[in-house]
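Have a look at work-v7.cif; it's mmCIF, C-alpha atoms:
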data_structure
#
loop_
_atom_site.label_atom_id
_atom_site.label_comp_id
_atom_site.auth_asym_id
_atom_site.auth_seq_id
_atom_site.Cartn_x
_atom_site.Cartn_y
_atom_site.Cartn_z
CA MET T 85 45.63 9.64 10.26
CA SER T 86 47.75 12.16 8.37
CA ARG T 87 48.01 15.87 7.64
CA ARG T 88 46.10 15.36 4.37
CA ALA T 89 43.26 13.57 6.15
CA GLU T 90 43.10 16.26 8.85
CA LYS T 91 43.01 18.93 6.16
CA ALA T 92 40.25 17.09 4.32
CA GLU T 93 38.26 16.73 7.53
CA SER T 94 38.61 20.42 8.41
CA SER T 95 37.49 21.44 4.93
CA ALA T 96 34.39 19.24 5.05
CA PRO T 97 31.13 21.07 5.79
CA GLY T 98 29.34 20.61 9.12
CA ASP T 99 30.43 18.97 12.36
CA GLY T 100 32.15 15.60 12.29
CA ALA T 101 29.77 14.15 14.88
CA ASP T 102 26.84 14.81 12.54
CA ALA T 103 28.47 13.35 9.44
CA LEU T 104 26.81 10.30 7.97
CA ILE T 105 29.54 8.09 6.52
CA TRP T 106 27.61 5.39 4.69
CA ASP T 107 30.53 3.02 4.25
CA GLU T 108 31.31 3.12 7.96
CA VAL T 109 27.66 2.66 8.98
CA SER T 110 27.25 -0.27 6.57
CA HIS T 111 30.46 -1.88 7.83
CA GLN T 112 29.51 -1.41 11.48
CA THR T 113 26.01 -2.80 11.14
CA GLY T 114 27.02 -5.52 8.69
CA GLU T 115 29.26 -7.12 11.30
CA ASP T 116 26.26 -7.58 13.62
CA SER T 117 23.79 -8.79 11.01
CA ARG T 118 24.84 -12.43 10.74
CA LEU T 119 23.22 -15.41 12.41
CA THR T 120 26.08 -16.63 14.60
CA TRP T 121 26.23 -18.99 17.55
CA SER T 122 27.09 -16.14 19.90
CA TYR T 123 24.13 -14.06 18.71
CA LEU T 124 21.81 -17.05 19.09
CA ALA T 125 23.19 -17.87 22.53
CA PHE T 126 22.70 -14.31 23.80
CA LEU T 127 19.15 -14.18 22.44
CA VAL T 128 18.29 -17.55 24.03
CA LEU T 129 19.71 -16.43 27.38
CA ALA T 130 17.86 -13.12 27.19
CA THR T 131 14.55 -14.82 26.43
CA GLN T 132 15.08 -17.30 29.25
CA LEU T 133 15.72 -14.45 31.68
CA ALA T 134 12.62 -12.66 30.42
CA ALA T 135 10.52 -15.80 30.92
CA ILE T 136 11.83 -16.20 34.47
CA GLY T 137 11.06 -12.55 35.20
CA ILE T 138 7.54 -13.03 33.85
CA VAL T 139 6.64 -16.11 35.90
CA THR T 140 8.22 -14.70 39.07
CA ASP T 141 6.97 -11.14 38.52
CA SER T 142 10.56 -9.96 38.81
CA THR T 143 11.40 -6.61 37.27
CA ILE T 144 15.10 -7.23 37.92
CA ALA T 145 15.14 -10.37 35.80
CA ILE T 146 13.30 -8.60 32.96
CA VAL T 147 15.80 -5.73 33.04
CA GLY T 148 18.61 -8.31 32.97
CA ALA T 149 17.03 -9.83 29.87
CA MET T 150 16.99 -6.41 28.24
CA ALA T 151 20.71 -5.97 28.94
CA VAL T 152 21.61 -9.35 27.40
CA GLY T 153 19.42 -9.09 24.27
CA PRO T 154 21.53 -8.81 21.07
CA GLU T 155 18.77 -8.03 18.55
CA PHE T 156 19.80 -4.39 18.07
CA GLY T 157 22.52 -5.41 15.61
CA PRO T 158 20.32 -7.18 13.04
CA LEU T 159 17.60 -4.54 13.35
CA ALA T 160 20.09 -1.75 12.62
CA ALA T 161 21.59 -3.74 9.76
CA LEU T 162 18.14 -4.33 8.26
CA ALA T 163 17.37 -0.60 8.43
CA VAL T 164 20.65 0.29 6.69
CA ALA T 165 20.03 -2.38 4.05
CA LEU T 166 16.58 -0.98 3.30
CA ALA T 167 17.86 2.60 3.14
CA ARG T 168 20.77 1.70 0.85
CA ARG T 169 19.09 -1.17 -1.01
CA GLN T 170 21.78 -3.60 0.07
CA TRP T 171 19.63 -6.68 -0.26
CA ALA T 172 22.31 -9.22 0.66
CA GLN T 173 22.89 -7.57 4.03
CA GLY T 174 19.14 -7.21 4.47
CA ARG T 175 18.64 -10.94 3.90
CA ARG T 176 21.31 -11.81 6.46
CA ALA T 177 19.72 -9.54 9.06
CA ALA T 178 16.23 -10.85 8.33
CA VAL T 179 17.45 -14.45 8.67
CA ALA T 180 19.08 -13.62 12.02
CA LEU T 181 15.79 -12.22 13.30
CA ALA T 182 13.52 -14.82 11.69
CA VAL T 183 15.57 -17.73 13.04
CA GLY T 184 16.79 -16.27 16.32
CA PHE T 185 13.48 -15.28 17.88
CA PRO T 186 11.59 -18.53 17.13
CA VAL T 187 14.48 -20.66 18.41
CA ALA T 188 14.78 -18.58 21.58
CA MET T 189 11.01 -18.67 22.17
CA LEU T 190 10.87 -22.43 21.55
CA LEU T 191 13.60 -23.11 24.09
CA ALA T 192 11.95 -20.78 26.61
CA ALA T 193 8.66 -22.63 26.11
CA LEU T 194 10.44 -25.96 26.63
CA THR T 195 11.96 -24.70 29.87
CA ALA T 196 8.59 -23.44 31.08
CA TRP T 197 6.93 -26.74 30.13
CA LEU T 198 9.50 -28.68 32.18
CA SER T 199 9.15 -26.28 35.11
CA VAL T 200 5.37 -26.61 35.52
CA PRO T 201 5.30 -30.23 36.80
CA LEU T 202 8.24 -29.44 39.07
CA GLY T 203 6.14 -26.75 40.75
CA LEU T 204 8.69 -24.01 40.09
CA PHE T 205 5.90 -21.52 39.34
CA PRO T 206 2.09 -21.56 39.60
CA THR T 207 -0.10 -22.05 36.56
CA ASP T 208 -1.81 -18.72 37.26
CA ALA T 209 1.48 -16.81 37.18
CA LEU T 210 0.32 -14.61 34.31
CA ASP T 211 -2.81 -13.56 36.23
CA THR T 212 -0.97 -12.34 39.33
CA GLY T 213 2.04 -10.54 37.84
CA SER T 214 1.62 -6.77 37.84
CA ALA T 215 5.11 -6.00 36.53
CA VAL T 216 4.47 -7.65 33.16
CA GLU T 217 1.03 -6.36 32.19
CA PHE T 218 2.55 -3.88 29.73
CA ILE T 219 3.96 -6.76 27.67
CA TYR T 220 0.68 -8.23 26.42
CA HIS T 221 -1.32 -5.00 26.12
CA PRO T 222 -0.37 -3.60 22.71
CA GLY T 223 -1.43 -0.01 22.30
CA PRO T 224 -0.31 3.33 20.92
CA TYR T 225 2.40 3.76 23.53
CA SER T 226 3.91 0.41 22.57
CA LEU T 227 4.42 1.68 19.03
CA ILE T 228 5.65 5.06 20.30
CA VAL T 229 8.29 3.38 22.48
CA ALA T 230 9.36 1.19 19.55
CA VAL T 231 9.70 4.21 17.25
CA LEU T 232 11.71 6.13 19.85
CA ALA T 233 13.93 3.09 20.41
CA GLY T 234 14.58 2.69 16.69
CA ALA T 235 15.43 6.36 16.26
CA ALA T 236 17.73 6.38 19.30
CA GLY T 237 19.46 3.21 18.17
CA MET T 238 20.20 4.48 14.68
CA LEU T 239 21.38 7.83 16.03
CA SER T 240 23.85 5.95 18.25
CA VAL T 241 25.19 4.17 15.16
CA ILE T 242 25.47 7.36 13.11
CA SER T 243 27.12 9.34 15.90
CA ARG T 244 29.44 6.42 16.68
CA ARG T 245 28.43 6.35 20.34
CA SER T 246 28.30 3.30 22.57
CA ALA T 247 25.30 1.16 21.73
CA ALA T 248 25.22 -0.68 25.08
CA LEU T 249 22.50 1.41 26.72
CA ILE T 250 20.69 1.82 23.42
CA GLY T 251 20.57 -1.95 23.13
CA VAL T 252 18.82 -2.12 26.51
CA PHE T 253 16.31 0.45 25.26
CA ILE T 254 15.66 -1.61 22.14
CA SER T 255 15.12 -4.78 24.20
CA VAL T 256 12.41 -3.08 26.26
CA THR T 257 10.03 -3.71 23.38
CA THR T 258 11.24 -7.08 22.06
CA VAL T 259 12.78 -9.65 24.41
CA PRO T 260 10.12 -9.46 27.17
CA ALA T 261 7.38 -9.91 24.57
CA ALA T 262 9.15 -12.97 23.15
CA GLY T 263 9.49 -14.51 26.61
CA PHE T 264 5.85 -13.80 27.38
CA VAL T 265 4.69 -15.56 24.21
CA ALA T 266 6.61 -18.69 25.20
CA VAL T 267 5.22 -18.81 28.75
CA ALA T 268 1.66 -17.95 27.71
CA LEU T 269 1.57 -20.75 25.14
CA VAL T 270 2.70 -23.31 27.73
CA LEU T 271 0.08 -22.15 30.22
CA GLY T 272 -2.69 -22.19 27.63
CA GLU T 273 -3.16 -18.41 27.64
CA TYR T 274 -3.49 -18.27 23.88
CA GLN T 275 -5.18 -14.86 23.73
CA LYS T 276 -2.41 -13.26 25.78
CA ALA T 277 0.20 -15.08 23.70
CA ALA T 278 -1.34 -13.74 20.49
CA ALA T 279 -1.48 -10.20 21.90
CA SER T 280 2.15 -10.36 23.01
CA GLY T 281 3.20 -11.85 19.67
CA PHE T 282 1.44 -9.05 17.84
CA GLN T 283 3.20 -6.52 20.05
CA LEU T 284 6.55 -8.15 19.30
CA LEU T 285 5.92 -7.94 15.55
CA LEU T 286 4.62 -4.37 15.80
CA ASN T 287 7.64 -3.29 17.81
CA LEU T 288 10.14 -4.89 15.42
CA VAL T 289 8.50 -3.15 12.46
CA GLY T 290 8.33 0.16 14.34
CA ILE T 291 12.02 0.01 15.26
CA VAL T 292 13.12 -0.69 11.68
CA VAL T 293 10.83 1.96 10.15
CA ALA T 294 12.05 4.60 12.61
CA ALA T 295 15.68 3.70 11.94
CA VAL T 296 15.16 3.93 8.17
CA ALA T 297 13.44 7.31 8.63
CA VAL T 298 16.46 8.61 10.59
CA LEU T 299 18.82 7.47 7.83
CA LEU T 300 16.73 9.07 5.10
CA PHE T 301 16.47 12.29 7.10
CA TYR T 302 20.25 12.44 7.48
CA ARG T 303 20.64 11.77 3.77
CA VAL T 304 18.47 14.80 2.98
CA VAL T 305 19.83 17.31 5.49
CA SER T 306 23.51 16.35 5.54
CA LYS T 307 25.80 18.20 3.21
CA ARG T 308 27.75 15.90 0.95
CA LEU T 309 31.52 16.01 0.88
CA PRO T 310 33.15 17.22 -2.33
CA GLU T 311 33.99 14.18 -4.45
CA ALA T 312 37.73 14.86 -4.34
CA THR T 313 37.67 15.17 -0.54
CA ALA T 314 35.56 12.04 -0.12
CA ARG T 315 37.89 10.09 -2.45
CA GLN T 316 40.91 11.25 -0.45
CA LEU T 317 39.31 10.26 2.85
CA ARG T 318 38.42 6.79 1.53
CA TRP T 319 41.98 6.29 0.26
CA GLN T 320 43.45 7.35 3.59
CA LEU T 321 41.05 5.06 5.47
CA ARG T 322 41.94 2.02 3.32
CA ARG T 323 45.65 2.77 3.70
CA THR T 324 45.35 3.03 7.49
CA ARG T 325 43.42 -0.28 7.73
CA GLY T 326 46.26 -1.88 5.82
#

Target format structure tokens, applied to this file:
Amino acid sequence: MSRRAEKAESSAPGDGADALIWDEVSHQTGEDSRLTWSYLAFLVLATQLAAIGIVTDSTIAIVGAMAVGPEFGPLAALAVALARRQWAQGRRAAVALAVGFPVAMLLAALTAWLSVPLGLFPTDALDTGSAVEFIYHPGPYSLIVAVLAGAAGMLSVISRRSAALIGVFISVTTVPAAGFVAVALVLGEYQKAAASGFQLLLNLVGIVVAAVAVLLFYRVVSKRLPEATARQLRWQLRRTRG
């Protein structure tokens, strides 16, 4: 940005890729924490794709649902809000999750309910699909995958790397479970729906807890910039943004 900013960056301790800039992380995650029409549309489409993959036993459709799922943004924003005690941002992220998933699941259930009398899939679809058994069998590995996904997602935010593939990783544990709940309820498989719903809740909590743990770890191990250097960097950043 300028010779002063370059000098301040070179004098800062540690590598730039490992620096945790709280203002930047809060700004980045805050943009994705709101309940918007585009977020809701992507989540509805992802859950619909997951439901189709479940009833047709199609791994390709489930992977497509993972790629479309937008829930990484609110989950990351919620983790940052908890770590920094930014309750307003945390409420926005929680509302996006609390409204988005039920709406997407309700619409997926409606689609499944309309598809049954049309004969688009058999009523025993959940008994014959081998590609979706992992969705309604919550266990230790489900939580482990969720924790790894949360840690990887937050590391991608901190290191300012592309979150596209990380978002797919996050959706492995969320969107398919949401789609399974919707289909299972329509087909009367209430026990499987409850198990999948519990897995969805467990995975969401695991992702957020892991992301918060990564932020707190970085707060402890990262060396803080000298106040004068940090003030100069913030001034240069505001001046560059206009």

Check your understanding: What is the distance, in Å and to one decimal place, between atom CA of T:Leu181 and atom CA of T:Ala209?
Key ->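 Going from atom CA of T:Leu181 over to atom CA of T:Ala209 covers 28.2 Å.
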
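What the PyMOL selection byres ((chain T and resi 115) around 10) matches in the given file is T:Ser110, T:His111, T:Gln112, T:Thr113, T:Gly114, T:Asp116, T:Ser117, T:Arg118, T:Gly157, T:Pro158, T:Ala161, T:Gln173.
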
Exercise for review: Have a look at atom CA of T:Val305 and atom CA of T:Phe156 and let me know their distance in Å, one decimal.
Suggested key: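 Going from atom CA of T:Val305 over to atom CA of T:Phe156 covers 25.1 Å.
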
Study note, to complete from the structure: atom CA of T:Ala297 sits from atom CA of T:Pro186 at a separation of 27.3 Å

Practice item. Just the residues within 12 Å of T:Ser199, please, counting all atoms listed in the file, with nothing from its chain fewer than 5 positions along; format it as number ranges by chain. Key: T: 135-136, 139, 192-194, 204-207, 267, 270-271

**Study point:** Exercise: T:Thr258 partners within 9 Å, all atoms listed in the file, chain neighbours under 2 positions left out, as JSON, numbers by chain
**Key:** {"T": [150, 153, 155, 230, 254, 255, 256, 260, 261, 262, 263, 283, 284, 285, 287, 288]}

Check your understanding: What would the list of residues within 8 Å of (13.8, -18.9, 26.4) (file frame) look like as a VMD selection string, if all atoms listed in the file are what count?
Key -> chain T and resid 128 to 135 188 to 195 263 266

Exercise for review: Choose the residue, out of T:Leu127, T:Ala235, T:Val109, T:Leu210, that has the smallest atom-to-atom separation from T:Arg168; count all atoms listed in the file.
Suggested key: T:Val109

Practice item. Compare T:Leu119, T:Ala163, T:Ser240, T:Ala151 by their minimum atom-to-atom distance to T:Ala180, counting only C-alpha atoms, and give me the closest one. Key: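 So, comparing all the options, the nearest one is T:Leu119.
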
**Study point:** Of the listed residues T:Phe282, T:Gln275, T:Val231, T:Met238, that which approaches T:Ala167 most closely, counting all atoms listed in the file
**Key:** T:Met238

Expected residue set, 6 Å radius at (21.5, -4.4, 5.1), all atoms listed in the file, as a PDB file with C-alpha atoms, keeping the file's coordinate frame:
ATOM      1  CA  ALA T 161      21.590  -3.740   9.760  1.00  0.00           C
ATOM      2  CA  LEU T 162      18.140  -4.330   8.260  1.00  0.00           C
ATOM      3  CA  VAL T 164      20.650   0.290   6.690  1.00  0.00           C
ATOM      4  CA  ALA T 165      20.030  -2.380   4.050  1.00  0.00           C
ATOM      5  CA  GLN T 170      21.780  -3.600   0.070  1.00  0.00           C
ATOM      6  CA  GLN T 173      22.890  -7.570   4.030  1.00  0.00           C
ATOM      7  CA  GLY T 174      19.140  -7.210   4.470  1.00  0.00           C
TER       8      GLY T 174
END

Exercise for review: Apply the PyMOL selection byres ((chain T and resi 294) around 8) to the displayed file and report the matching residues as a list in words.
Suggested key: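 For this structure, the PyMOL selection byres ((chain T and resi 294) around 8) captures Val231, Leu232, Gly234, Ala235, Gly290, Ile291, Val292, Val293, Ala295, Val296, Ala297 and Val298 of chain T.
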
Check your understanding: Smallest atom-to-atom distance to T:Ile138: which of T:Phe264, T:Leu202, T:Ile228, T:Trp197, using only C-alpha atoms?
Key -> T:Phe264

Review point. Of the candidates T:Ile146, T:Val241, T:Ala125, T:Val200, which one gets nearest to T:Val187 if we count all atoms listed in the file?
Key: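 Distance minimum relative to T:Val187 lands on T:Ala125.
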
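Remark: for T:Phe185, the closest of the candidate residues T:Ala236, T:Leu124, T:Ala172, T:Asp211 is T:Leu124 (distances computed over only C-alpha atoms).
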